[in-house]
$ cat query_19.txt   # compact mmCIF, C-alpha atoms
# COMPACT_ATOMS: atom_id res chain seq x y z
CA MET A 121 15.76 -10.92 12.38
CA GLY A 122 12.24 -12.24 12.84
CA LYS A 123 9.08 -11.67 10.95
CA ASP A 124 7.74 -9.57 13.80
CA LEU A 125 10.13 -6.74 12.86
CA THR A 126 7.80 -5.56 10.14
CA GLY A 127 4.66 -3.54 10.53
CA VAL A 128 5.91 -1.02 13.10
CA ARG A 129 4.36 2.39 12.77
CA SER A 130 5.34 5.64 14.43
CA SER A 131 2.53 7.12 16.50
CA HIS A 132 3.36 10.76 15.79
CA ARG A 133 4.04 10.92 12.08
CA GLN A 134 1.64 11.95 9.35
CA LEU A 135 -0.75 9.24 8.28
CA VAL A 136 -0.29 7.94 4.74
CA PRO A 137 -3.40 7.54 2.59
CA ASP A 138 -4.34 3.98 1.67
CA GLY A 139 -3.67 4.71 -1.98
CA VAL A 140 0.05 5.39 -1.54
CA GLY A 141 2.07 3.17 -3.83
CA LEU A 142 -0.91 1.99 -5.88
CA ASP A 143 -2.04 4.13 -8.77
CA GLN A 144 -5.47 3.55 -10.19
CA HIS A 145 -4.08 2.23 -13.47
CA GLU A 146 -2.06 -0.55 -11.79
CA PRO A 147 -3.13 -4.19 -12.44
CA THR A 148 -5.63 -5.75 -10.09
CA PHE A 149 -3.20 -8.38 -8.81
CA LEU A 150 -0.86 -5.63 -7.53
CA ARG A 151 -3.71 -4.16 -5.53
CA ALA A 152 -4.55 -7.59 -4.15
CA ILE A 153 -0.93 -8.08 -3.10
CA ALA A 154 -0.93 -4.68 -1.37
CA ILE A 155 -4.14 -5.45 0.50
CA LYS A 156 -2.79 -8.81 1.65
CA ALA A 157 0.48 -7.17 2.75
CA LYS A 158 -1.47 -4.63 4.79
CA THR A 159 -3.86 -7.06 6.46
CA ASP A 160 -1.27 -9.76 7.23
CA LYS A 161 2.10 -8.36 8.32
CA ARG A 162 3.61 -11.83 8.59
CA HIS A 163 2.51 -13.21 5.25
CA ARG A 164 5.28 -14.40 2.93
CA PHE A 165 4.31 -14.06 -0.70
CA GLN A 166 4.75 -17.02 -3.02
CA ASP A 167 4.58 -17.44 -6.78
CA LEU A 168 5.48 -13.81 -7.59
CA TYR A 169 7.64 -14.91 -10.50
CA ARG A 170 4.64 -16.00 -12.56
CA HIS A 171 3.38 -12.41 -12.74
CA LEU A 172 6.33 -11.51 -14.99
CA ASP A 173 4.37 -12.27 -18.14
CA ALA A 174 4.04 -10.35 -21.40
CA ASP A 175 0.96 -8.40 -20.27
CA PHE A 176 2.62 -7.12 -17.11
CA LEU A 177 5.83 -6.29 -19.00
CA ARG A 178 3.76 -4.34 -21.53
CA HIS A 179 2.14 -2.43 -18.67
CA CYS A 180 5.56 -1.66 -17.20
CA TRP A 181 6.81 -0.51 -20.59
CA CYS A 182 4.40 2.43 -20.40
CA ASP A 183 6.06 3.58 -17.15
CA LEU A 184 9.64 3.06 -18.34
CA ASN A 185 11.77 6.14 -18.93
CA LYS A 186 12.19 6.04 -22.70
CA ALA A 187 14.71 8.90 -22.75
CA ALA A 188 17.21 7.16 -20.46
CA ALA A 189 20.69 6.29 -21.68
CA SER A 190 21.30 2.88 -23.21
CA GLY A 191 23.16 0.04 -21.53
CA VAL A 192 26.00 -2.15 -22.79
CA ASP A 193 23.91 -3.45 -25.70
CA GLY A 194 23.29 0.08 -27.03
CA VAL A 195 19.57 -0.61 -27.56
CA MET A 196 17.40 2.49 -27.20
CA ALA A 197 13.69 2.50 -26.36
CA SER A 198 12.75 3.93 -29.77
CA GLU A 199 14.43 0.99 -31.51
CA TYR A 200 12.97 -1.59 -29.11
CA ALA A 201 9.45 -0.20 -29.59
CA LYS A 202 9.46 -0.89 -33.36
CA ASP A 203 8.67 -4.55 -32.73
CA LEU A 204 7.50 -4.25 -29.14
CA ASP A 205 4.96 -7.08 -28.90
CA THR A 206 7.30 -9.67 -30.40
CA ARG A 207 10.18 -8.60 -28.18
CA LEU A 208 8.03 -8.66 -25.03
CA GLU A 209 6.68 -12.11 -25.85
CA ALA A 210 10.22 -13.38 -26.34
CA LEU A 211 11.39 -11.79 -23.11
CA ALA A 212 8.46 -13.27 -21.18
CA GLU A 213 9.21 -16.69 -22.65
CA ARG A 214 12.87 -16.48 -21.57
CA LEU A 215 11.71 -15.57 -18.07
CA LYS A 216 9.22 -18.42 -17.98
CA THR A 217 11.75 -21.02 -19.14
CA LYS A 218 14.49 -19.59 -16.86
CA ARG A 219 16.69 -18.68 -19.85
CA TYR A 220 16.81 -14.98 -18.95
CA ARG A 221 20.33 -13.70 -18.22
CA ALA A 222 21.17 -10.30 -16.77
CA LYS A 223 23.55 -8.28 -18.95
CA GLN A 224 26.50 -6.30 -17.68
CA VAL A 225 25.89 -2.86 -16.21
CA ARG A 226 27.54 0.09 -17.92
CA ARG A 227 29.30 2.36 -15.44
CA VAL A 228 29.23 6.11 -15.95
CA TYR A 229 30.39 8.91 -13.69
CA ILE A 230 28.70 12.25 -13.09
CA PRO A 231 30.38 15.20 -11.33
CA LYS A 232 29.37 16.06 -7.76
CA GLU A 233 29.26 19.49 -6.20
CA SER A 234 32.34 18.64 -4.12
CA GLY A 235 34.39 18.10 -7.27
CA LYS A 236 34.31 14.29 -6.94
CA GLU A 237 32.42 11.93 -9.22
CA ARG A 238 29.34 9.86 -8.46
CA PRO A 239 29.28 6.37 -10.04
CA LEU A 240 26.05 5.36 -11.76
CA GLY A 241 25.14 2.00 -13.25
CA ILE A 242 23.06 1.83 -16.43
CA PRO A 243 21.47 -1.58 -17.06
CA ALA A 244 20.46 -2.78 -20.51
CA LEU A 245 16.95 -1.87 -21.66
CA GLU A 246 15.38 -5.29 -21.10
CA ASP A 247 16.99 -5.50 -17.66
CA LYS A 248 15.48 -2.11 -16.82
CA LEU A 249 12.08 -3.36 -17.87
CA VAL A 250 12.18 -6.57 -15.85
CA GLN A 251 13.62 -4.66 -12.88
CA LEU A 252 10.72 -2.22 -13.06
CA ALA A 253 8.24 -5.11 -13.01
CA CYS A 254 9.94 -6.63 -9.95
CA ALA A 255 10.14 -3.21 -8.29
CA LYS A 256 6.38 -2.78 -8.66
CA LEU A 257 5.82 -6.13 -6.95
CA LEU A 258 8.20 -5.24 -4.11
CA VAL A 259 6.60 -1.83 -3.64
CA ALA A 260 3.14 -3.41 -3.42
CA ILE A 261 4.45 -5.69 -0.65
CA HIS A 262 6.76 -3.41 1.32
CA GLU A 263 5.04 -0.04 1.01
CA ARG A 264 2.71 -1.05 3.84
CA ASP A 265 5.66 -2.13 5.98
CA PHE A 266 7.78 1.00 5.57
CA LEU A 267 7.51 3.43 8.45
CA ASP A 268 6.23 6.97 8.17
CA SER A 269 9.73 8.24 9.00
CA SER A 270 10.93 7.07 5.55
CA TYR A 271 10.45 9.44 2.61
CA GLY A 272 12.94 8.57 -0.13
CA TYR A 273 11.96 6.67 -3.29
CA ARG A 274 8.38 6.17 -2.16
CA PRO A 275 5.22 6.87 -4.19
CA GLY A 276 3.43 10.00 -3.09
CA ARG A 277 6.34 11.17 -0.93
CA GLY A 278 9.36 13.29 -1.63
CA ALA A 279 12.14 15.44 -0.26
CA LYS A 280 9.90 18.48 0.23
CA ASP A 281 7.52 16.38 2.35
CA ALA A 282 10.44 15.31 4.54
CA VAL A 283 11.62 18.92 4.92
CA ARG A 284 8.13 20.17 5.76
CA ASP A 285 7.37 17.43 8.31
CA LEU A 286 10.77 17.69 9.97
CA THR A 287 10.30 21.45 10.34
CA TYR A 288 6.91 20.93 11.95
CA ASP A 289 8.16 18.28 14.37
CA LEU A 290 11.17 20.31 15.46
CA GLN A 291 9.06 23.44 15.89
CA HIS A 292 6.29 21.85 17.94
CA GLY A 293 8.23 19.04 19.62
CA VAL A 294 10.36 19.03 22.76
CA TYR A 295 13.63 18.09 21.07
CA GLY A 296 16.88 19.70 22.15
CA TYR A 297 19.59 17.74 20.30
CA VAL A 298 20.03 16.62 16.71
CA VAL A 299 22.17 13.89 15.16
CA GLU A 300 22.61 14.26 11.41
CA ALA A 301 24.10 11.29 9.58
CA ASP A 302 24.97 9.96 6.17
CA VAL A 303 26.27 6.59 4.97
CA LYS A 304 29.58 6.43 3.13
CA GLY A 305 29.03 4.95 -0.33
CA PHE A 306 25.74 3.33 0.67
CA PHE A 307 24.78 1.90 -2.73
CA ASP A 308 28.25 0.37 -3.15
CA HIS A 309 28.35 -1.36 0.25
CA MET A 310 24.95 -3.00 0.71
CA ASP A 311 25.62 -6.59 1.74
CA HIS A 312 24.03 -8.98 -0.75
CA ASP A 313 23.44 -11.80 1.75
CA TRP A 314 21.79 -9.47 4.25
CA LEU A 315 19.62 -7.92 1.53
CA LEU A 316 18.39 -11.27 0.26
CA ARG A 317 17.71 -12.36 3.82
CA MET A 318 15.65 -9.22 4.37
CA LEU A 319 13.67 -9.86 1.19
CA LYS A 320 13.05 -13.40 2.38
CA GLU A 321 11.07 -11.99 5.31
CA ARG A 322 8.20 -11.21 2.93
CA VAL A 323 9.05 -13.07 -0.30
CA ASP A 324 8.89 -16.87 -0.25
CA ASP A 325 9.70 -17.30 -3.94
CA ARG A 326 13.19 -18.63 -4.73
CA ALA A 327 12.90 -17.86 -8.44
CA PHE A 328 11.98 -14.24 -7.75
CA ARG A 329 14.80 -13.78 -5.24
CA GLY A 330 17.16 -15.51 -7.65
CA LEU A 331 16.29 -12.91 -10.28
CA ILE A 332 17.30 -10.15 -7.91
CA ARG A 333 20.51 -12.00 -7.09
CA LYS A 334 21.38 -12.02 -10.81
CA TRP A 335 21.19 -8.24 -10.96
CA LEU A 336 23.21 -7.86 -7.78
CA LYS A 337 25.96 -10.10 -9.14
CA ALA A 338 25.91 -8.76 -12.71
CA GLY A 339 29.31 -7.58 -13.94
CA VAL A 340 29.98 -3.84 -14.11
CA LEU A 341 31.66 -2.54 -17.26
CA GLU A 342 33.95 0.35 -16.32
CA ARG A 343 34.77 3.17 -18.71
CA ASP A 344 38.27 1.77 -19.27
CA GLY A 345 36.80 -1.53 -20.50
CA THR A 346 37.47 -3.62 -17.40
CA VAL A 347 34.68 -5.73 -15.90
CA ILE A 348 34.16 -5.81 -12.14
CA HIS A 349 32.11 -8.50 -10.44
CA PRO A 350 30.72 -6.81 -7.31
CA GLN A 351 30.57 -8.63 -3.99
CA THR A 352 28.50 -5.88 -2.37
CA GLY A 353 26.22 -3.04 -3.45
CA THR A 354 23.62 -2.43 -6.11
CA PRO A 355 24.13 -0.08 -9.08
CA GLN A 356 22.88 3.41 -8.30
CA GLY A 357 20.80 4.04 -11.40
CA GLY A 358 19.19 0.63 -11.66
CA THR A 359 15.39 0.64 -11.77
CA ILE A 360 15.09 -1.70 -8.80
CA SER A 361 17.87 -0.15 -6.71
CA PRO A 362 15.68 2.44 -4.91
CA VAL A 363 13.24 -0.08 -3.45
CA LEU A 364 16.09 -2.44 -2.52
CA ALA A 365 17.80 0.44 -0.72
CA ASN A 366 14.62 1.21 1.20
CA VAL A 367 14.16 -2.42 2.20
CA TYR A 368 17.77 -2.55 3.44
CA LEU A 369 17.57 0.61 5.54
CA HIS A 370 14.09 -0.31 6.76
CA TYR A 371 15.61 -3.22 8.67
CA VAL A 372 19.02 -1.71 9.38
CA LEU A 373 17.86 1.66 10.69
CA ASP A 374 14.12 2.35 10.77
CA LEU A 375 12.93 -0.66 12.75
CA TRP A 376 15.99 -0.59 14.99
CA PHE A 377 15.36 3.06 15.84
CA GLU A 378 11.65 2.44 16.43
CA ARG A 379 12.00 -0.66 18.60
CA VAL A 380 15.40 -0.45 20.24
CA VAL A 381 16.65 3.15 20.27
CA LYS A 382 13.38 4.63 21.46
CA ALA A 383 13.05 1.98 24.14
CA TYR A 384 16.34 3.09 25.72
CA CYS A 385 15.66 6.83 25.49
CA ARG A 386 14.56 8.75 28.57
CA GLY A 387 12.73 11.30 26.43
CA GLU A 388 11.17 11.68 23.01
CA ALA A 389 13.12 10.66 19.90
CA LEU A 390 12.47 11.26 16.21
CA LEU A 391 13.85 9.87 12.96
CA CYS A 392 13.40 11.46 9.53
CA ARG A 393 15.09 9.58 6.67
CA TYR A 394 15.34 10.24 2.96
CA ALA A 395 17.22 7.34 1.34
CA ASP A 396 20.67 7.16 2.99
CA ASP A 397 20.46 10.69 4.42
CA TRP A 398 18.72 11.11 7.75
CA VAL A 399 18.30 13.27 10.85
CA CYS A 400 17.47 12.14 14.38
CA ALA A 401 16.20 14.44 17.13
CA PHE A 402 16.28 13.75 20.85
CA ARG A 403 14.98 15.50 23.92
CA TYR A 404 17.97 14.76 26.15
CA ARG A 405 21.68 15.03 25.49
CA ASP A 406 22.61 11.58 26.85
CA ASP A 407 20.09 9.92 24.50
CA ALA A 408 21.56 11.75 21.50
CA GLU A 409 25.16 10.96 22.45
CA ARG A 410 24.34 7.28 23.08
CA PHE A 411 22.77 7.00 19.64
CA TYR A 412 25.73 8.84 18.09
CA ARG A 413 28.17 6.35 19.65
CA THR A 414 26.09 3.27 18.84
CA LEU A 415 25.21 4.12 15.23
CA PRO A 416 28.60 3.18 13.68
CA LYS A 417 28.47 -0.24 15.40
CA ARG A 418 24.95 -0.87 14.15
CA LEU A 419 25.84 0.04 10.56
CA ALA A 420 29.08 -1.96 10.64
CA LYS A 421 27.07 -5.10 11.40
CA PHE A 422 25.47 -4.72 7.96
CA GLY A 423 28.64 -3.72 6.09
CA LEU A 424 27.99 0.02 6.20
CA GLU A 425 30.04 2.95 7.46
CA VAL A 426 29.03 6.46 8.46
CA ALA A 427 30.49 9.38 6.53
CA ALA A 428 32.43 11.09 9.32
CA GLU A 429 32.38 14.50 7.65
CA LYS A 430 28.58 14.42 7.42
CA THR A 431 27.78 12.90 10.81
CA ARG A 432 27.67 14.89 14.05
CA CYS A 433 25.70 15.58 17.22
CA LEU A 434 24.72 19.16 18.02
CA ARG A 435 22.57 21.23 20.34
CA PHE A 436 19.41 22.34 18.56
CA SER A 437 16.90 24.06 20.81
CA ARG A 438 14.54 27.00 20.94
CA PHE A 439 16.49 28.11 24.02
CA HIS A 440 19.70 28.43 21.97
CA PRO A 441 18.69 30.23 18.76
CA GLY A 442 21.21 31.45 16.24
CA MET A 443 22.92 30.56 12.98
CA GLU A 444 25.92 29.03 14.76
CA ARG A 445 23.76 25.99 15.64
CA ARG A 446 22.47 24.70 12.34
CA PHE A 447 22.45 21.47 10.37
CA ALA A 448 21.94 20.61 6.71
CA PHE A 449 19.34 18.19 5.37
CA LEU A 450 18.21 17.68 1.77
CA GLY A 451 19.73 20.93 0.55
CA PHE A 452 18.43 23.12 3.40
CA GLU A 453 20.06 24.52 6.51
CA PHE A 454 17.83 24.32 9.60
CA TYR A 455 18.30 26.74 12.49
CA TRP A 456 16.37 28.45 15.28
CA LEU A 457 15.74 32.19 15.04
CA GLU A 458 13.34 34.57 16.73
CA ASP A 459 10.65 36.11 14.56
CA ARG A 460 9.50 39.75 14.67
CA LYS A 461 7.45 39.05 17.79
CA GLY A 462 10.40 37.45 19.56
CA VAL A 463 9.01 33.91 19.24
CA PRO A 464 11.66 31.25 18.38
CA ARG A 465 10.96 29.57 15.05
CA VAL A 466 12.66 26.80 13.09
CA LYS A 467 13.94 28.52 9.98
CA ARG A 468 15.21 27.08 6.73
CA ARG A 469 17.41 28.48 4.05
CA THR A 470 19.17 27.07 1.02
CA ALA A 471 22.39 25.39 2.11
CA ARG A 472 25.37 27.49 1.09
CA LYS A 473 26.98 24.76 -1.02
CA ARG A 474 23.71 24.11 -2.83
CA LEU A 475 23.18 27.82 -3.51
CA GLN A 476 26.70 28.24 -4.83
CA ALA A 477 26.34 25.13 -7.00
CA ALA A 478 23.03 26.42 -8.41
CA CYS A 479 24.63 29.77 -9.23
CA ARG A 480 27.53 28.05 -11.00
CA ARG A 481 25.21 25.85 -13.05
CA ILE A 482 23.02 28.72 -14.19
CA MET A 483 26.06 30.90 -14.88
CA THR A 484 27.57 28.17 -17.05
CA TRP A 485 24.30 27.88 -18.96
CA ILE A 486 24.19 31.66 -19.49
CA LYS A 487 27.75 31.68 -20.81
CA GLU A 488 27.15 28.76 -23.19
CA ASN A 489 23.77 30.02 -24.47
CA ARG A 490 24.25 33.78 -24.71
CA HIS A 491 24.10 33.47 -28.51
CA LEU A 492 20.38 32.57 -28.40
CA ALA A 493 17.64 34.97 -29.43
CA GLU A 494 16.24 37.06 -26.58
CA ARG A 495 12.96 35.16 -26.24
CA GLU A 496 14.62 31.73 -26.38
CA PHE A 497 17.35 32.82 -23.96
CA LEU A 498 14.90 34.13 -21.35
CA HIS A 499 12.67 31.09 -21.76
CA GLY A 500 15.55 28.75 -20.93
CA LEU A 501 16.66 30.95 -18.05
CA ASN A 502 13.15 31.06 -16.59
CA ARG A 503 12.88 27.28 -16.70
CA ARG A 504 15.96 26.98 -14.50
CA LEU A 505 14.80 29.66 -12.10
CA ARG A 506 11.34 28.12 -11.74
CA GLY A 507 12.89 24.71 -11.05
CA HIS A 508 14.98 26.24 -8.26
CA TYR A 509 12.03 28.17 -6.79
CA ASN A 510 9.78 25.10 -6.88
CA TYR A 511 12.10 23.19 -4.56
CA TYR A 512 13.71 25.88 -2.43
CA GLY A 513 10.74 28.24 -2.27
CA VAL A 514 9.89 27.49 1.37
CA HIS A 515 8.66 30.03 3.90
CA GLY A 516 11.52 32.06 5.34
CA ASN A 517 13.90 31.39 2.44
CA TRP A 518 13.12 34.43 0.31
CA GLN A 519 16.53 36.03 0.87
CA SER A 520 18.36 33.02 -0.57
CA LEU A 521 16.04 32.98 -3.57
CA ASN A 522 16.56 36.69 -4.12
CA ARG A 523 20.34 36.25 -3.86
CA LEU A 524 20.24 33.77 -6.74
CA TYR A 525 17.93 36.07 -8.72
CA LYS A 526 20.31 39.02 -8.40
CA TRP A 527 23.29 36.83 -9.24
CA VAL A 528 21.52 35.65 -12.40
CA ILE A 529 20.75 39.24 -13.46
CA ALA A 530 24.36 40.29 -12.96
CA GLY A 531 25.64 37.23 -14.82
CA ALA A 532 23.24 37.66 -17.72
CA PHE A 533 24.18 41.34 -18.07
CA LYS A 534 27.88 40.45 -18.07
CA TRP A 535 27.79 37.65 -20.63
CA LEU A 536 25.18 39.12 -22.97
CA ASN A 537 27.53 42.07 -23.34
CA ARG A 538 30.33 39.67 -24.35
CA ARG A 539 28.80 38.22 -27.47
CA GLY A 540 31.48 39.62 -29.76
CA GLY A 541 32.34 43.07 -30.98
CA LYS A 542 33.66 46.03 -29.08
CA GLN A 543 30.30 47.68 -28.55
CA ARG A 544 28.20 46.52 -25.63
CA SER A 545 24.77 45.10 -26.41
CA TYR A 546 23.04 46.62 -23.39
CA ASN A 547 23.35 49.25 -20.74
CA TRP A 548 21.42 48.81 -17.51
CA LYS A 549 18.44 50.75 -18.83
CA THR A 550 18.03 48.70 -22.01
CA PHE A 551 18.81 45.49 -20.11
CA ASP A 552 16.04 46.27 -17.62
CA GLN A 553 13.68 46.79 -20.55
CA LEU A 554 14.69 43.38 -21.91
CA LEU A 555 13.91 41.70 -18.59
CA ARG A 556 10.55 43.44 -18.39
CA ARG A 557 9.69 42.41 -21.96
CA GLY A 558 10.74 38.84 -21.43
CA GLY A 559 9.31 38.55 -17.94
CA LEU A 560 12.23 37.13 -15.96
CA THR A 561 10.72 34.98 -13.21
CA LYS A 562 11.10 36.66 -9.83
CA PRO A 563 11.62 34.81 -6.53
CA ARG A 564 8.46 33.35 -5.06
CA ILE A 565 7.45 31.07 -2.22
CA THR A 566 5.98 27.83 -3.56
CA GLU A 567 5.54 25.89 -0.32
CA ILE A 568 1.96 24.98 0.52
CA CYS A 569 1.16 24.63 4.21
CA ARG A 570 -0.75 21.38 4.82
CA PRO A 571 -2.33 20.39 8.12
CA ARG A 572 -0.71 17.51 9.96
CA VAL A 573 -2.83 14.45 10.73
CA TYR A 574 -1.86 12.23 13.66
CA ALA A 575 -2.73 8.69 14.52

$ encode --input "query_19.txt" --output "structure tokens"
Amino acid sequence: MGKDLTGVRSSHRQLVPDGVGLDQHEPTFLRAIAIKAKTDKRHRFQDLYRHLDADFLRHCWCDLNKAAASGVDGVMASEYAKDLDTRLEALAERLKTKRYRAKQVRRVYIPKESGKERPLGIPALEDKLVQLACAKLLVAIHERDFLDSSYGYRPGRGAKDAVRDLTYDLQHGVYGYVVEADVKGFFDHMDHDWLLRMLKERVDDRAFRGLIRKWLKAGVLERDGTVIHPQTGTPQGGTISPVLANVYLHYVLDLWFERVVKAYCRGEALLCRYADDWVCAFRYRDDAERFYRTLPKRLAKFGLEVAAEKTRCLRFSRFHPGMERRFAFLGFEFYWLEDRKGVPRVKRRTARKRLQAACRRIMTWIKENRHLAEREFLHGLNRRLRGHYNYYGVHGNWQSLNRLYKWVIAGAFKWLNRRGGKQRSYNWKTFDQLLRRGGLTKPRITEICRPRVYA
């Protein structure tokens, strides 16, 4: 894995403004690092560790999520802030004298839509702070190296950008086959040695890399009190985990697809990745099937495994429209369908599982909060509806939005009439008056069409 693997850019993706990854309030040295990373793709940065001083930690404190859960030490941000300057000076001194030790990571589990549980790791507050400082340094270095096909965990980019750009490319490209893929337990199976080797491509600072190694090797405190010392993976929930994940997949997938996969394809090929969830499009069937067969071998080399139930190769072409040929990506189902003029268009709708999960969540909230006053109840309900519309309100998805809206009305009518007592609180006439008074947010399209810019 040579230094020449970095700096590859796709020629047909949207150009990223120079300011991506560097807000105006960031320290000057971060901007200098970013400029150097952009102008010299082979430069290996030294002496990064010295930037972890009290001033930089104080700057990072402003960006730290103060409402996040506490780690194993139980220290909350509000308590830490009471004597902030003294604590930051002490933390900076421990870093300078190499007396800093990473604390154990507290493991929690959150339910998934499938009924399973997703493991999250919650570092201690000071670990979160130092991780955030290191993450800012890594972003300044690697943001210029990441390809335009990568969208997850990057400043100025998000899931909606990936959905919009993928729709545009499929609509106006010459692709006929799609391979959708997902990695099984990605954050738990990242190989530590490979990751540190990848970081070494741009970071020539043993102390800085050693700090990252400490977090990777930190013990994980399970809910039953046992402590696990991980040999692979990085806690999903750690402040630095997102940028480490992007660095890992940048070398494992993005550069490999750009330099190797495309070189062996007879026709055009496209990659769109958001974290460990990605979609590849190909013009010819043999290119798609070759990639589909080769992908598990490539991932296995780096300790990863594809999730078989979420990985498949399918025909996806304007010449074969219909709902029977569709794939899911970032909560949307993509499919070809003719418009009113008979022109094939790439359509998107809320994935069925996501729509059902959203309905269940809102219905649970309605049931648990039906005791609230009318104004407060509708205010909370509108917040949830607006959040759903803001993400899923893409062109062509109005029917899915309206389905949720009608489901919410029916659920609210049902549970507001079950607040105790034999007499119902509303009939449909009075309930409609309530919705008009409170202004229940109706479905709306929130997607903004932006022109594509090509290199």

$ residues_near_point --input "query_19.txt" --point "(-2.6, -3.9, 0.4)" --cutoff "12 Å" --atoms "all atoms listed in the file" --output "PyMOL selection string"
chain A and resi 137-142+148-161+163+257-265

$ residues_around --input "query_19.txt" --residues "Val323 of chain A" --least-positions-apart "5" --cutoff "10 Å" --atoms "all atoms listed in the file" --output "number ranges by chain"
A: 163-168, 258, 261, 316-318, 328-329

$ atom_distance --input "query_19.txt" --atom1 "atom CA of Gly191 of chain A" --atom2 "atom CA of Gln224 of chain A"
8.1 Å

$ atom_distance --input "query_19.txt" --atom1 "atom CA of Ala282 of chain A" --atom2 "atom CA of Asn517 of chain A"
16.6 Å

$ closest_residue --input "query_19.txt" --among "A:Ala255, A:Leu331, A:Leu267, A:Leu249" --to "Arg219 of chain A" --atoms "only C-alpha atoms"
A:Leu331

$ closest_residue --input "query_19.txt" --among "A:Val298, A:Arg481, A:Glu488, A:Leu391" --to "Asp406 of chain A" --atoms "only C-alpha atoms"
A:Val298

$ closest_atom_pairs --input "query_19.txt" --of "segment 323-416 of chain A" --to "segment 226-238 of chain A" --cutoff "12 Å" --atoms "only C-alpha atoms" --output "JSON lines"
{"residue": "A:Ala338", "atom": "CA", "partner": "A:Arg226", "partner_atom": "CA", "distance": 10.4}
{"residue": "A:Gly339", "atom": "CA", "partner": "A:Arg226", "partner_atom": "CA", "distance": 8.8}
{"residue": "A:Val340", "atom": "CA", "partner": "A:Arg226", "partner_atom": "CA", "distance": 6.0}
{"residue": "A:Leu341", "atom": "CA", "partner": "A:Arg226", "partner_atom": "CA", "distance": 4.9}
{"residue": "A:Glu342", "atom": "CA", "partner": "A:Arg227", "partner_atom": "CA", "distance": 5.1}
{"residue": "A:Arg343", "atom": "CA", "partner": "A:Arg227", "partner_atom": "CA", "distance": 6.4}
{"residue": "A:Asp344", "atom": "CA", "partner": "A:Arg227", "partner_atom": "CA", "distance": 9.8}
{"residue": "A:Gly345", "atom": "CA", "partner": "A:Arg226", "partner_atom": "CA", "distance": 9.7}
{"residue": "A:Thr346", "atom": "CA", "partner": "A:Arg227", "partner_atom": "CA", "distance": 10.3}
{"residue": "A:Val347", "atom": "CA", "partner": "A:Arg226", "partner_atom": "CA", "distance": 9.4}
{"residue": "A:Ile348", "atom": "CA", "partner": "A:Arg227", "partner_atom": "CA", "distance": 10.1}
{"residue": "A:Thr354", "atom": "CA", "partner": "A:Arg227", "partner_atom": "CA", "distance": 11.9}
{"residue": "A:Pro355", "atom": "CA", "partner": "A:Arg227", "partner_atom": "CA", "distance": 8.6}
{"residue": "A:Gln356", "atom": "CA", "partner": "A:Arg238", "partner_atom": "CA", "distance": 9.1}
{"residue": "A:Gly357", "atom": "CA", "partner": "A:Arg227", "partner_atom": "CA", "distance": 9.6}
{"residue": "A:Gly358", "atom": "CA", "partner": "A:Arg226", "partner_atom": "CA", "distance": 10.4}

$ write_last_selection --input "query_19.txt" --atoms "C-alpha atoms" --output "CSV table (one decimal), in the frame of the given file"
chain,number,residue,atom,x,y,z
A,338,ALA,CA,25.9,-8.8,-12.7
A,339,GLY,CA,29.3,-7.6,-13.9
A,340,VAL,CA,30.0,-3.8,-14.1
A,341,LEU,CA,31.7,-2.5,-17.3
A,342,GLU,CA,34.0,0.4,-16.3
A,343,ARG,CA,34.8,3.2,-18.7
A,344,ASP,CA,38.3,1.8,-19.3
A,345,GLY,CA,36.8,-1.5,-20.5
A,346,THR,CA,37.5,-3.6,-17.4
A,347,VAL,CA,34.7,-5.7,-15.9
A,348,ILE,CA,34.2,-5.8,-12.1
A,354,THR,CA,23.6,-2.4,-6.1
A,355,PRO,CA,24.1,-0.1,-9.1
A,356,GLN,CA,22.9,3.4,-8.3
A,357,GLY,CA,20.8,4.0,-11.4
A,358,GLY,CA,19.2,0.6,-11.7

$ closest_residue --input "query_19.txt" --among "A:Tyr200, A:Pro416, A:Gly276, A:Glu409" --to "Arg435 of chain A" --atoms "all atoms listed in the file"
A:Glu409

$ residues_around --input "query_19.txt" --residues "segment 302-314 of chain A" --least-positions-apart "5" --cutoff "6 Å" --atoms "only C-alpha atoms" --output "VMD selection string"
chain A and resid 352 to 354 396 to 397 425 to 427 430

$ atom_distance --input "query_19.txt" --atom1 "atom CA of Gln543 of chain A" --atom2 "atom CA of Ile486 of chain A"
19.4 Å

$ closest_residue --input "query_19.txt" --among "A:Arg556, A:His179, A:Lys467, A:Arg393" --to "His145 of chain A" --atoms "only C-alpha atoms"
A:His179

$ closest_residue --input "query_19.txt" --among "A:Ala532, A:Val299, A:Leu555, A:Ala253" --to "Thr431 of chain A" --atoms "all atoms listed in the file"
A:Val299

$ closest_residue --input "query_19.txt" --among "A:Leu560, A:Asp285, A:Val225, A:Thr566" --to "His349 of chain A" --atoms "all atoms listed in the file"
A:Val225

$ residues_near_point --input "query_19.txt" --point "(16.0, -3.3, -20.2)" --cutoff "10 Å" --atoms "only C-alpha atoms" --output "number ranges by chain"
A: 181, 184, 190-191, 193, 195-197, 200, 222-223, 242-252, 358-359

$ residues_around --input "query_19.txt" --residues "Leu369 of chain A" --least-positions-apart "4" --cutoff "8 Å" --atoms "only C-alpha atoms" --output "ChimeraX atom specification"
/A:365,373-374,395-396

$ residues_around --input "query_19.txt" --residues "Ala174 of chain A" --least-positions-apart "6" --cutoff "10 Å" --atoms "all atoms listed in the file" --output "number ranges by chain"
A: 180, 205-213, 215

$ residues_around --input "query_19.txt" --residues "Pro464 of chain A" --least-positions-apart "3" --cutoff "6 Å" --atoms "all atoms listed in the file" --output "ChimeraX atom specification"
/A:438,457-458
